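Report on one structure; see the data block that follows.
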Amino acid sequence: MIDSAQLLEDAERLLPDLIDLRRRIHRAPELGLALPNTQATVLDEIDGLALDTRTGESVSSVVADLAVGAGPVVLLRGDMDALPMPEDTGLEFASAIDGCMHACGHDAHTAMLVGAARLLHARRAQLPGTVRFMFQPGEEGHHGARYMIEEGVLDGDVPVDAAFALHVSPNLPSGTIWTRGGPLMASADVLEIKVSGKGGHASTPYLASDPMPIAAEIVQALQVMVTRRINTFDPVVVTITKIRAGTTDNVIPEAVDMLGTLRAVSEHSRALAIDAMNQLVEGIASAHGMRAELTVHKGYPVTINHDDGASFALEVASDLLGAEGAGKMPAPVMGAEDFSYVLQRRPGAMSFLGVCPPGEHPARAHACHSNRMTIDEAAMSVGAAMYAALAVEYLGRGERDSPR
Ligand code: NI
């Protein structure tokens with residue numbers, strides 16, 4: 001058992017440093033798998049701690065082990081990359097890089113994980129095992145976790161026994177922890193549909209093959225498919241987000257190109273929806289004497305928390321914050337995460353940390369991926385303490401009794 005009050009107090013004391021670090025990262029966001037400056041900042045911040053540190057070969061990751069002796073290995077993940085989008089927060093430490101913003105809180109994740117490294121380093125005498133800190137690039141669609149897994153983040157001389165991650169959310173009360181067993185986040189696939197007809201004069205459609213109404217029919221039919229063919233209790237979302245065709249009022253274009261997303265919370269429904277979409281897209285076009293093709297670019301799989309891992313995280317959170325500080329989510333969220341790859345291979349769980357800014361209502365605060373997204377920086381001390389508590393409690397229980 002840890003002394004929760006002491007851990008929170010120590011984390012509070014670190015808070016000014018964590019805020020400063022988060023703001024430095026926020027001001028200089030980097031995209032994708034190559035984050036040289038963020039990586040250098042992290043290395044600098046953990047320099048001086050007795051950690052066994054290595055950097056990625058194919059990506060700018062940092063893996064650091066706090067190894068104290070024989071015992072289980074617990075992994076804590078913080079992602080570090082930003083988003084290709086403008087920032088309109090007006091903050092004094094707003095992004096100094098045009099078209100690039102930390103709008104998903106990964107700046108805070110990085111700072112909180114550094115905080116956890118310090119908290120755990122100070123307690124290393126009481127740690128019967130190893131804590132592995134996974135500072136990950138390329139979470140925003142770049143499969144950073146997969147690269148790190150290929151480079152052995154879960155293996156090595158001391159393979160990982162369990163893995164935990166935190167993600168901030170402005171739409172949850174500040175300083176609270178939320179998670180659930182089973183599906184936590186959705187899979188995310190990119191849909192590309194091309195309807196091919198025959199161009200012609202807009203006044204004589206019978207001499208052409210107009211792909212426009214076919215495209216419209218497909219958009220509608222996809223929604224009917226979702227409600228009629230997918231189990232209501234195993235939901236999927238299909239959204240067509242872009243339709244491109246045509247040039248002017250009197251020309252029938254040859255083709256229509258559409259783009260969209262498929263979200264699912266089970267691999268079963270995901271596969272079912274892809275099958276059904278192929279059938280609809282090809283069948284509708286062919287019913288009108290045309291051709292259409294669906295291409296699915298597979299994105300992240302469903303993020304599935306292990307039941308034991310999620311109840312362990314909630315237990316740790318309520319020990320740390322009191323019962324009102326931890327909550328079980330009633331349903332998954334339809335966003336996606338590449339921590340899914342880690343949870344496919346190791347037991348564990350991802351949890352959300354509420355960071356609703358002061359004076360705002362969680363339901364109305366600007367969400368992750370908004371150009372106006374802000375956080376309550378004070379909650380970062382809770383995040384750092386929660387990371388640390390997960391590690392202390394996991395190792396303290398010993399491999400035998402730990403959630404698997
Ligand atoms: Ni994120």
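Each chain in the structure tokens gets a letter, A, B and so on, in the order shown; residues start at 1 in every chain, and ligands are counted from 1 in the order they appear.
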
Contacts of Thr241 (chain A) at 8 Å or less, counting only C-alpha atoms, minus same-chain residues fewer than 2 places along, as a PDB file with N, CA, C and O atoms, in the first residue's frame?
ATOM      1  N   THR A 239     -19.344   7.401 -41.112  1.00  0.00           N
ATOM      2  CA  THR A 239     -19.574   8.800 -41.461  1.00  0.00           C
ATOM      3  C   THR A 239     -18.843   9.112 -42.765  1.00  0.00           C
ATOM      4  O   THR A 239     -17.643   8.866 -42.871  1.00  0.00           O
ATOM      5  N   ILE A 243     -17.182  14.547 -50.136  1.00  0.00           N
ATOM      6  CA  ILE A 243     -17.663  14.084 -51.438  1.00  0.00           C
ATOM      7  C   ILE A 243     -17.099  15.043 -52.469  1.00  0.00           C
ATOM      8  O   ILE A 243     -17.278  16.259 -52.346  1.00  0.00           O
ATOM      9  N   MET A 258     -15.436   9.681 -52.626  1.00  0.00           N
ATOM     10  CA  MET A 258     -15.923   9.956 -51.269  1.00  0.00           C
ATOM     11  C   MET A 258     -14.909   9.444 -50.246  1.00  0.00           C
ATOM     12  O   MET A 258     -14.163   8.499 -50.502  1.00  0.00           O
ATOM     13  N   LEU A 259     -14.936  10.097 -49.093  1.00  0.00           N
ATOM     14  CA  LEU A 259     -14.019   9.740 -48.019  1.00  0.00           C
ATOM     15  C   LEU A 259     -14.840   9.655 -46.730  1.00  0.00           C
ATOM     16  O   LEU A 259     -15.812  10.395 -46.562  1.00  0.00           O
ATOM     17  N   GLY A 260     -14.450   8.768 -45.852  1.00  0.00           N
ATOM     18  CA  GLY A 260     -15.200   8.671 -44.601  1.00  0.00           C
ATOM     19  C   GLY A 260     -14.472   7.834 -43.575  1.00  0.00           C
ATOM     20  O   GLY A 260     -13.316   7.435 -43.773  1.00  0.00           O
ATOM     21  N   THR A 261     -15.145   7.580 -42.466  1.00  0.00           N
ATOM     22  CA  THR A 261     -14.535   6.807 -41.387  1.00  0.00           C
ATOM     23  C   THR A 261     -15.482   5.719 -40.909  1.00  0.00           C
ATOM     24  O   THR A 261     -16.711   5.888 -40.935  1.00  0.00           O
TER      25      THR A 261
END

Do you know which residues are at most 10 Å from region 25-40 of chain A counting only C-alpha atoms, after dropping those on the same chain fewer than 3 positions away, and could you put them as a ChimeraX atom specification?
/A:19-22,43-45,55-56,58-62,80-84,91-103,105-108,110-111,135-145,147

For region 220-226 of chain A, list every protein, DNA or RNA residue within 8 Å, evaluated using only C-alpha atoms, and leave out those in the same chain fewer than 3 positions away; present the list as a PyMOL selection string.
chain A and resi 216-217+229-230+236-238+273+276-277+280

For ligand 1, which residue out of A:Tyr394, A:Phe312, A:Phe352, A:Tyr387 is the nearest one, using only C-alpha atoms and all ligand atoms?
A:Phe352

Report as a VMD selection string all protein, DNA and RNA residues lying within 7 Å of Val195 (chain A), evaluated on only C-alpha atoms, omitting residues in the same chain fewer than 5 positions from it.
chain A and resid 211 215 255 to 257 291 to 293

Restricting the calculation to only C-alpha atoms: of A:Val42, A:Leu7, A:Ala116, A:Ala285, which residue gets closest to Arg24 (chain A)?
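Counting only C-alpha atoms, the residue closest to Arg24 (chain A) is A:Val42.
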
Compile the contact shell of Glu254 (chain A) as a PyMOL selection string: residues with an atom at most 7 Å away, counting only C-alpha atoms, same-chain residues fewer than 3 positions apart removed.
chain A and resi 196-199+211

Mind listing the strand (DSSP E or B) residues of region 205-313 of chain A, per DSSP on the backbone, as a PyMOL selection string?
chain A and resi 209+236-244+251-252+255-264+291-297+303-305

Which is closest to Pro357 (chain A) among A:Leu191, A:Gly200, A:Ser318, A:Pro170, if we use only C-alpha atoms?
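Between A:Leu191, A:Gly200, A:Ser318, A:Pro170, the residue approaching Pro357 (chain A) most closely is A:Pro170.
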